[in-house]
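Data block for protein_26.txt (compact mmCIF, C-alpha atoms):
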```
# COMPACT_ATOMS: atom_id res chain seq x y z
CA MET A 129 0.00 0.00 0.00
CA LEU A 130 1.36 3.42 -0.96
CA ALA A 131 1.89 6.01 1.77
CA ILE A 132 -0.88 8.59 2.01
CA HIS A 133 1.17 11.50 0.61
CA TYR A 134 1.94 9.45 -2.53
CA GLU A 135 -1.75 8.57 -2.92
CA VAL A 136 -2.68 12.24 -2.58
CA PHE A 137 -0.03 13.30 -5.10
CA PHE A 138 -1.26 10.62 -7.52
CA GLU A 139 -4.85 11.93 -7.46
CA VAL A 140 -3.76 15.56 -7.83
CA ALA A 141 -1.53 14.58 -10.77
CA CYS A 142 -4.30 12.56 -12.43
CA HIS A 143 -6.81 15.41 -12.27
CA LEU A 144 -4.37 18.36 -12.19
CA SER A 145 -6.63 19.75 -9.51
CA PHE A 146 -6.28 19.95 -5.72
CA SER A 147 -10.04 20.37 -5.28
CA LYS A 148 -10.89 17.35 -7.46
CA ALA A 149 -8.34 15.22 -5.58
CA ALA A 150 -9.96 16.29 -2.31
CA GLU A 151 -13.38 15.14 -3.63
CA VAL A 152 -12.03 11.77 -4.77
CA LEU A 153 -10.16 11.14 -1.50
CA TYR A 154 -12.92 12.53 0.77
CA ILE A 155 -10.56 14.88 2.56
CA SER A 156 -10.32 18.67 2.70
CA GLN A 157 -8.41 20.71 0.14
CA PRO A 158 -6.02 22.09 2.82
CA ALA A 159 -5.23 18.49 3.79
CA VAL A 160 -4.40 17.72 0.14
CA SER A 161 -2.08 20.73 -0.06
CA LYS A 162 -0.41 19.72 3.20
CA GLN A 163 0.34 16.21 1.96
CA VAL A 164 1.75 17.47 -1.35
CA LYS A 165 4.00 19.97 0.46
CA LYS A 166 5.14 17.18 2.78
CA LEU A 167 6.10 15.01 -0.19
CA GLU A 168 7.88 17.88 -1.98
CA ALA A 169 9.87 18.56 1.22
CA GLU A 170 10.71 14.89 1.61
CA LEU A 171 11.93 14.56 -1.99
CA GLY A 172 13.53 17.99 -2.11
CA VAL A 173 12.01 18.92 -5.48
CA PRO A 174 8.88 20.80 -6.63
CA LEU A 175 6.28 18.46 -8.14
CA PHE A 176 3.84 21.00 -9.55
CA GLU A 177 4.11 24.30 -11.40
CA ARG A 178 1.40 26.70 -10.34
CA LYS A 179 0.20 29.14 -13.01
CA GLY A 180 -2.72 31.24 -11.85
CA ASN A 181 -5.61 28.88 -11.16
CA SER A 182 -4.08 25.94 -13.04
CA ILE A 183 -1.26 23.50 -12.24
CA ASN A 184 1.05 21.29 -14.28
CA LEU A 185 3.52 18.59 -13.38
CA THR A 186 7.18 19.54 -13.25
CA LEU A 187 9.73 17.17 -14.81
CA SER A 188 10.24 15.67 -11.34
CA GLY A 189 6.49 15.29 -10.96
CA GLN A 190 6.22 13.55 -14.34
CA LYS A 191 8.97 11.10 -13.39
CA LEU A 192 7.35 10.37 -10.02
CA MET A 193 4.04 9.76 -11.79
CA GLU A 194 5.70 7.18 -14.05
CA TYR A 195 7.02 5.33 -11.00
CA LEU A 196 3.67 5.49 -9.23
CA HIS A 197 1.90 4.00 -12.26
CA GLU A 198 4.35 1.08 -12.02
CA ALA A 199 3.76 0.84 -8.26
CA LYS A 200 -0.01 0.83 -8.75
CA THR A 201 0.33 -1.96 -11.30
CA ILE A 202 2.40 -4.07 -8.91
CA GLN A 203 -0.07 -3.35 -6.12
CA LYS A 204 -2.94 -4.50 -8.33
CA LYS A 205 -1.03 -7.67 -9.30
CA ILE A 206 -0.34 -8.56 -5.68
CA SER A 207 -3.95 -8.04 -4.68
CA SER A 208 -5.57 -9.88 -7.58
CA ASP A 209 -3.08 -12.75 -7.77
CA LEU A 210 -3.25 -13.54 -4.04
CA GLU A 211 -7.04 -13.31 -4.05
CA ILE A 212 -7.25 -15.74 -6.98
CA ILE A 213 -4.80 -18.16 -5.34
CA LYS A 214 -6.67 -17.97 -2.03
CA ASN A 215 -10.15 -18.47 -3.40
CA GLN A 216 -11.10 -17.91 -7.04
CA SER A 217 -14.83 -17.59 -6.35
CA LYS A 218 -14.19 -14.86 -3.76
CA ALA A 219 -11.48 -12.99 -5.66
CA LYS A 220 -12.22 -9.28 -5.85
CA GLY A 221 -11.00 -6.59 -8.18
CA GLU A 222 -11.89 -4.50 -11.17
CA LEU A 223 -11.15 -5.07 -14.84
CA LYS A 224 -11.58 -2.22 -17.31
CA ILE A 225 -11.86 -3.40 -20.92
CA GLY A 226 -12.01 -1.40 -24.11
CA ALA A 227 -13.17 -3.11 -27.28
CA SER A 228 -14.11 -2.28 -30.83
CA THR A 229 -17.80 -2.29 -31.66
CA THR A 230 -17.83 -5.72 -33.30
CA ILE A 231 -16.14 -7.38 -30.34
CA SER A 232 -18.30 -5.55 -27.77
CA LEU A 233 -21.59 -6.48 -29.40
CA TYR A 234 -21.01 -9.95 -30.82
CA VAL A 235 -18.08 -11.65 -29.06
CA LEU A 236 -17.62 -10.33 -25.53
CA PRO A 237 -21.07 -10.95 -23.95
CA LYS A 238 -20.65 -14.73 -23.94
CA MET A 239 -17.01 -14.50 -22.83
CA LEU A 240 -17.62 -12.00 -20.02
CA SER A 241 -20.58 -13.98 -18.74
CA ALA A 242 -18.41 -17.11 -18.47
CA PHE A 243 -15.65 -15.10 -16.79
CA HIS A 244 -18.09 -13.64 -14.26
CA LYS A 245 -19.29 -17.11 -13.29
CA LYS A 246 -15.71 -18.04 -12.38
CA LEU A 247 -14.88 -14.74 -10.63
CA PRO A 248 -18.27 -13.30 -9.60
CA ASN A 249 -16.79 -10.60 -7.37
CA VAL A 250 -14.59 -9.04 -10.05
CA LYS A 251 -16.24 -5.90 -11.37
CA ILE A 252 -16.14 -5.57 -15.16
CA LEU A 253 -16.28 -2.20 -16.89
CA LEU A 254 -16.52 -2.15 -20.70
CA ILE A 255 -16.13 0.80 -23.03
CA ASN A 256 -17.16 0.45 -26.66
CA ARG A 257 -15.25 2.65 -29.14
CA ASN A 258 -13.61 2.25 -32.51
CA SER A 259 -10.16 0.64 -32.56
CA GLU A 260 -8.22 3.89 -32.74
CA ASN A 261 -9.89 5.35 -29.63
CA VAL A 262 -9.69 2.08 -27.68
CA LEU A 263 -5.92 1.99 -28.17
CA LYS A 264 -5.68 5.61 -27.02
CA ALA A 265 -7.65 4.75 -23.87
CA LEU A 266 -5.19 1.93 -23.12
CA LEU A 267 -2.17 4.19 -23.56
CA ASP A 268 -3.87 6.84 -21.38
CA ARG A 269 -4.45 4.18 -18.67
CA GLU A 270 -8.23 4.56 -18.81
CA ILE A 271 -8.52 0.79 -19.33
CA ASP A 272 -6.50 -2.33 -18.46
CA LEU A 273 -7.08 -4.33 -21.64
CA ALA A 274 -7.89 -3.49 -25.25
CA ILE A 275 -9.42 -5.95 -27.72
CA ILE A 276 -9.07 -4.60 -31.24
CA GLU A 277 -8.46 -5.65 -34.84
CA ALA A 278 -5.49 -3.59 -35.92
CA HIS A 279 -1.86 -4.23 -34.99
CA HIS A 280 -0.02 -0.95 -34.39
CA GLU A 281 3.74 -0.70 -34.05
CA ILE A 282 3.80 0.73 -30.52
CA ASN A 283 6.57 -0.28 -28.11
CA ALA A 284 4.52 0.40 -24.98
CA VAL A 285 2.08 -2.47 -25.58
CA SER A 286 2.17 -6.17 -26.30
CA TYR A 287 -0.22 -8.16 -28.48
CA GLN A 288 -1.70 -11.61 -27.90
CA PRO A 289 -3.70 -13.17 -30.77
CA PHE A 290 -7.39 -13.75 -30.12
CA ILE A 291 -9.89 -14.97 -32.73
CA GLN A 292 -9.97 -14.93 -36.52
CA ASP A 293 -12.57 -12.91 -38.38
CA GLU A 294 -13.63 -12.13 -41.93
CA VAL A 295 -15.04 -8.84 -43.25
CA VAL A 296 -17.82 -9.64 -45.72
CA ALA A 297 -19.87 -7.68 -48.25
CA PHE A 298 -23.63 -7.84 -47.71
CA CYS A 299 -26.88 -6.22 -48.80
CA SER A 300 -30.61 -6.34 -48.22
CA LYS A 301 -32.41 -9.50 -49.33
CA ASP A 302 -34.35 -7.28 -51.76
CA SER A 303 -31.28 -5.53 -53.20
CA PRO A 304 -30.45 -6.21 -56.88
CA PHE A 305 -26.99 -7.31 -55.64
CA ALA A 306 -28.33 -10.04 -53.31
CA GLY A 307 -26.54 -13.35 -53.83
CA ARG A 308 -24.49 -12.01 -56.74
CA THR A 309 -20.78 -12.16 -57.49
CA ILE A 310 -19.30 -8.88 -58.70
CA ASP A 311 -15.82 -7.91 -59.89
CA PHE A 312 -13.68 -4.95 -58.83
CA GLU A 313 -14.86 -2.73 -61.67
CA GLU A 314 -18.49 -3.16 -60.64
CA LEU A 315 -17.53 -2.79 -56.97
CA LYS A 316 -16.33 0.74 -57.76
CA THR A 317 -19.76 1.73 -59.08
CA VAL A 318 -22.24 0.17 -56.62
CA PRO A 319 -23.60 2.39 -53.80
CA MET A 320 -21.52 1.65 -50.71
CA VAL A 321 -22.12 2.25 -46.99
CA LEU A 322 -19.13 2.02 -44.62
CA ARG A 323 -18.25 2.58 -40.96
CA GLU A 324 -16.73 5.86 -39.77
CA ARG A 325 -13.05 6.76 -40.16
CA GLY A 326 -10.98 5.21 -37.35
CA SER A 327 -12.96 1.97 -37.54
CA GLY A 328 -10.84 -1.18 -37.55
CA THR A 329 -13.20 -2.71 -40.11
CA VAL A 330 -12.59 0.15 -42.53
CA ALA A 331 -8.83 0.02 -41.92
CA VAL A 332 -8.52 -3.68 -42.76
CA LEU A 333 -10.87 -3.32 -45.75
CA SER A 334 -8.81 -0.42 -47.10
CA LYS A 335 -5.57 -2.36 -46.73
CA SER A 336 -7.00 -5.42 -48.51
CA LEU A 337 -8.41 -3.31 -51.36
CA GLU A 338 -5.06 -1.61 -51.90
CA GLU A 339 -3.48 -5.03 -52.42
CA HIS A 340 -5.73 -5.19 -55.51
CA GLN A 341 -4.88 -1.61 -56.59
CA VAL A 342 -8.25 -0.28 -55.41
CA LYS A 343 -8.51 2.68 -53.01
CA LEU A 344 -11.43 3.65 -50.79
CA GLY A 345 -11.62 6.86 -52.80
CA ASP A 346 -12.38 4.78 -55.90
CA LEU A 347 -15.61 3.47 -54.32
CA ASN A 348 -19.05 5.04 -54.56
CA ILE A 349 -19.42 5.66 -50.80
CA ILE A 350 -22.83 7.23 -50.20
CA ALA A 351 -22.79 7.15 -46.38
CA ARG A 352 -20.51 6.57 -43.38
CA LEU A 353 -22.22 5.45 -40.19
CA GLY A 354 -20.83 5.31 -36.65
CA GLY A 355 -21.80 1.81 -35.62
CA THR A 356 -22.58 -1.67 -36.91
CA VAL A 357 -26.27 -1.61 -35.96
CA ALA A 358 -26.87 1.69 -37.75
CA LEU A 359 -25.07 0.38 -40.82
CA LYS A 360 -27.06 -2.88 -40.91
CA ASN A 361 -30.37 -1.07 -40.46
CA TYR A 362 -29.49 1.34 -43.27
CA VAL A 363 -28.60 -1.48 -45.67
CA MET A 364 -31.83 -3.35 -44.85
CA GLU A 365 -33.79 -0.33 -46.12
CA ASP A 366 -31.65 0.38 -49.17
CA ASP A 367 -30.10 -1.24 -52.26
CA ALA A 368 -26.57 -0.36 -51.09
CA ILE A 369 -23.78 -2.77 -50.18
CA GLY A 370 -22.02 -2.68 -46.82
CA PHE A 371 -18.90 -4.30 -45.36
CA LEU A 372 -18.90 -5.66 -41.80
CA SER A 373 -17.52 -8.52 -39.74
CA LYS A 374 -19.16 -11.90 -40.30
CA TRP A 375 -19.88 -11.87 -36.53
CA ALA A 376 -21.96 -8.72 -36.96
CA VAL A 377 -24.25 -10.02 -39.72
CA ARG A 378 -24.41 -13.73 -38.83
CA ASN A 379 -27.92 -13.65 -37.30
CA GLU A 380 -29.43 -11.54 -40.09
CA LEU A 381 -27.92 -13.84 -42.73
CA GLU A 382 -29.38 -16.90 -41.00
CA LYS A 383 -32.81 -15.24 -40.81
CA GLY A 384 -32.64 -14.26 -44.50
CA GLU A 385 -32.88 -10.54 -43.75
CA LEU A 386 -29.50 -9.87 -45.35
CA SER A 387 -27.69 -11.52 -48.23
CA LEU A 388 -23.97 -11.97 -48.92
CA VAL A 389 -22.39 -10.33 -51.96
CA LYS A 390 -19.24 -12.01 -53.25
CA VAL A 391 -16.42 -9.97 -54.75
CA LYS A 392 -14.46 -12.07 -57.23
CA ASP A 393 -10.96 -13.04 -56.04
CA PHE A 394 -11.33 -10.94 -52.89
CA LYS A 395 -11.31 -12.02 -49.25
CA VAL A 396 -10.73 -9.86 -46.17
CA ASP A 397 -9.36 -11.83 -43.22
CA ARG A 398 -8.23 -10.34 -39.95
CA ARG A 399 -7.45 -11.33 -36.36
CA PHE A 400 -8.64 -9.69 -33.18
CA ASN A 401 -5.93 -9.16 -30.56
CA PHE A 402 -5.68 -8.73 -26.82
CA VAL A 403 -3.56 -5.61 -26.28
CA ILE A 404 -1.94 -5.03 -22.88
CA ARG A 405 0.51 -2.46 -21.59
CA LYS A 406 3.97 -4.01 -21.35
CA GLY A 407 4.79 -5.17 -17.85
CA GLU A 408 1.15 -5.88 -16.99
CA GLU A 409 0.66 -9.10 -18.97
CA SER A 410 0.92 -11.34 -15.89
CA THR A 411 -1.82 -9.69 -13.83
CA GLY A 412 -3.97 -12.47 -12.37
CA VAL A 413 -7.35 -11.13 -13.48
CA LEU A 414 -6.12 -10.58 -17.05
CA ARG A 415 -4.69 -14.10 -17.20
CA ALA A 416 -7.99 -15.49 -15.93
CA LEU A 417 -9.97 -13.64 -18.61
CA ILE A 418 -7.68 -14.81 -21.42
CA ARG A 419 -7.97 -18.42 -20.20
CA VAL A 420 -11.76 -18.15 -20.33
CA ALA A 421 -11.56 -16.73 -23.87
CA LYS A 422 -9.40 -19.66 -25.00
CA ASP A 423 -11.82 -22.17 -23.48
CA ILE A 424 -14.83 -20.64 -25.26
CA TYR A 425 -13.39 -19.88 -28.69
CA ASN A 426 -10.77 -22.67 -28.90
CA TYR A 427 -8.07 -20.48 -30.43
```
Full structure transcribed into structure tokens:
Amino acid sequence: MLAIHYEVFFEVACHLSFSKAAEVLYISQPAVSKQVKKLEAELGVPLFERKGNSINLTLSGQKLMEYLHEAKTIQKKISSDLEIIKNQSKAKGELKIGASTTISLYVLPKMLSAFHKKLPNVKILLINRNSENVLKALLDREIDLAIIEAHHEINAVSYQPFIQDEVVAFCSKDSPFAGRTIDFEELKTVPMVLRERGSGTVAVLSKSLEEHQVKLGDLNIIARLGGTVALKNYVMEDDAIGFLSKWAVRNELEKGELSLVKVKDFKVDRRFNFVIRKGEESTGVLRALIRVAKDIYNY
């Protein structure tokens, strides 16, 4: 457990506010200031720069914050690992997960339910954003684990393969393209509906198209929609073609509400990944979740 003046500094540094830290810690603002001054005197360096009504971390404060993030991670590992060893069913903790829309809606519910049955006292928090913003949340320490499609060359994180996926072209059952096979020249002319920029689905589609000398700008994109459900509902009411994960359209294809459209000599495969900040891969709760995922999806 960190000493109180380090805990107080950590909250002030996170919020860059003495008053907000006081609210979070349920102590008075003068008490917060006293603890920070005590720590600055103990270390012999200023930790904050005060400019009018705002504050910023000094270089010393930034370095201390880096060490405290590491200390918090170790503290979390000790707590979760010992709880799991002692009694899995009574293990407590919190796991913050960020996942792309496809994973959040169509893959995680079954996995998280199974995980919660094994560790019922671990609180799960899930944020649903596109891949780009989920990765940012991981780097900003808003979440403990990201589950996304893309693989970015970032030294601060490590990747563990999860499940395979395929991005497929689909349309309404009443569309003139239903059940057809089209070539790349026709693909450039058909009305197209895609996800928003920053979407992992769009990123992998764009990369695969470029391998066939086709750019997104060559397509007849009539709409971009921020979410899989919105995109599916749009396509159901229109003649346009959309591209989404096979997980996202599986139920509608089985019910006959949507129809696949094949693009000749074109297939878009991808893999979802667990993404974890380096140094935190061995945390007990994270290991437990990944074991559950492997049991369910046999990857």
Give me the residues near Ile231 (chain A) as JSON, numbers by chain, where near means some atom within 10 Å (using only C-alpha atoms) and where sequence neighbours in that chain fewer than 3 positions away do not count. {"A": [226, 227, 228, 234, 235, 236, 237, 256, 275, 276, 277, 373, 375, 376, 400]}
Option closest in space to Gly354 (chain A), from A:Glu338, A:Gly384, A:Asp367, A:Asn258 [counting only C-alpha atoms]: A:Asn258
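Among the candidates A:Ala141, A:Ser156, A:Val389, A:Ala150, the residue lying nearest to Leu192 (chain A) is A:Ala141 (atoms considered: only C-alpha atoms).
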Correct to one decimal, the distance CA of Thr356 (chain A)-CA of Leu337 (chain A) is 20.3 Å
Env of Ile369 (chain A): 9 Å cut, atoms = only C-alpha atoms, seq-sep filter 4 positions within chain, self excluded. Answer as an NGL selection string. :A and (297-300 or 303 or 305 or 318-322 or 363 or 389)
Go ahead and write the selection's residues with C-alpha atoms as a PDB file, in the frame of the given file.
```pdb
ATOM      1  CA  ALA A 297     -19.870  -7.680 -48.250  1.00  0.00           C
ATOM      2  CA  PHE A 298     -23.630  -7.840 -47.710  1.00  0.00           C
ATOM      3  CA  CYS A 299     -26.880  -6.220 -48.800  1.00  0.00           C
ATOM      4  CA  SER A 300     -30.610  -6.340 -48.220  1.00  0.00           C
ATOM      5  CA  SER A 303     -31.280  -5.530 -53.200  1.00  0.00           C
ATOM      6  CA  PHE A 305     -26.990  -7.310 -55.640  1.00  0.00           C
ATOM      7  CA  VAL A 318     -22.240   0.170 -56.620  1.00  0.00           C
ATOM      8  CA  PRO A 319     -23.600   2.390 -53.800  1.00  0.00           C
ATOM      9  CA  MET A 320     -21.520   1.650 -50.710  1.00  0.00           C
ATOM     10  CA  VAL A 321     -22.120   2.250 -46.990  1.00  0.00           C
ATOM     11  CA  LEU A 322     -19.130   2.020 -44.620  1.00  0.00           C
ATOM     12  CA  VAL A 363     -28.600  -1.480 -45.670  1.00  0.00           C
ATOM     13  CA  VAL A 389     -22.390 -10.330 -51.960  1.00  0.00           C
TER      14      VAL A 389
END
```
One decimal, in Å: what's the spacing between CA of His197 (chain A) and CA of Val140 (chain A)? 13.6 Å
With all atoms listed in the file as the counted atoms, please give the residues lying no more than 12 Å from Ile271 (chain A), apart from itself and same-chain residues fewer than 4 positions off, as JSON, numbers by chain. {"A": [222, 223, 224, 225, 226, 227, 252, 253, 254, 255, 256, 261, 262, 263, 264, 265, 266, 267, 275, 403, 404, 405, 408, 414]}
Glu313 (chain A): which residues within 12 Å, counting all atoms listed in the file, same-chain residues fewer than 2 positions away excluded, as an MDAnalysis selection string? chainID A and resid 309:311 315:318 340:342 346:348 391:392
Residues near Leu196 (chain A), anyone? I mean within 10 Å using all atoms listed in the file, not counting same-chain ones fewer than 6 positions away, as an NGL selection string. :A and (130 or 134-135 or 137-138 or 190 or 202)
Selected residues written out, C-alpha atoms, as a compact mmCIF listing (two decimals), in the frame of the given file:
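What follows is the written file selection-v9.txt:
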```
# COMPACT_ATOMS: atom_id res chain seq x y z
CA LEU A 130 1.36 3.42 -0.96
CA TYR A 134 1.94 9.45 -2.53
CA GLU A 135 -1.75 8.57 -2.92
CA PHE A 137 -0.03 13.30 -5.10
CA PHE A 138 -1.26 10.62 -7.52
CA GLN A 190 6.22 13.55 -14.34
CA ILE A 202 2.40 -4.07 -8.91
```
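In this comparison, which uses only C-alpha atoms, the residue of A:Asn181, A:Val136, A:Lys246, A:Ala306 approaching Val152 (chain A) most closely is A:Val136.
Put simply, CA of Glu260 (chain A) is 5.5 Å away from CA of Gly326 (chain A).
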Within 12 Å of (-13.1, -20.9, -29.4), all atoms listed in the file: residues as a PyMOL selection string? chain A and resi 235+238-239+290-292+418-427
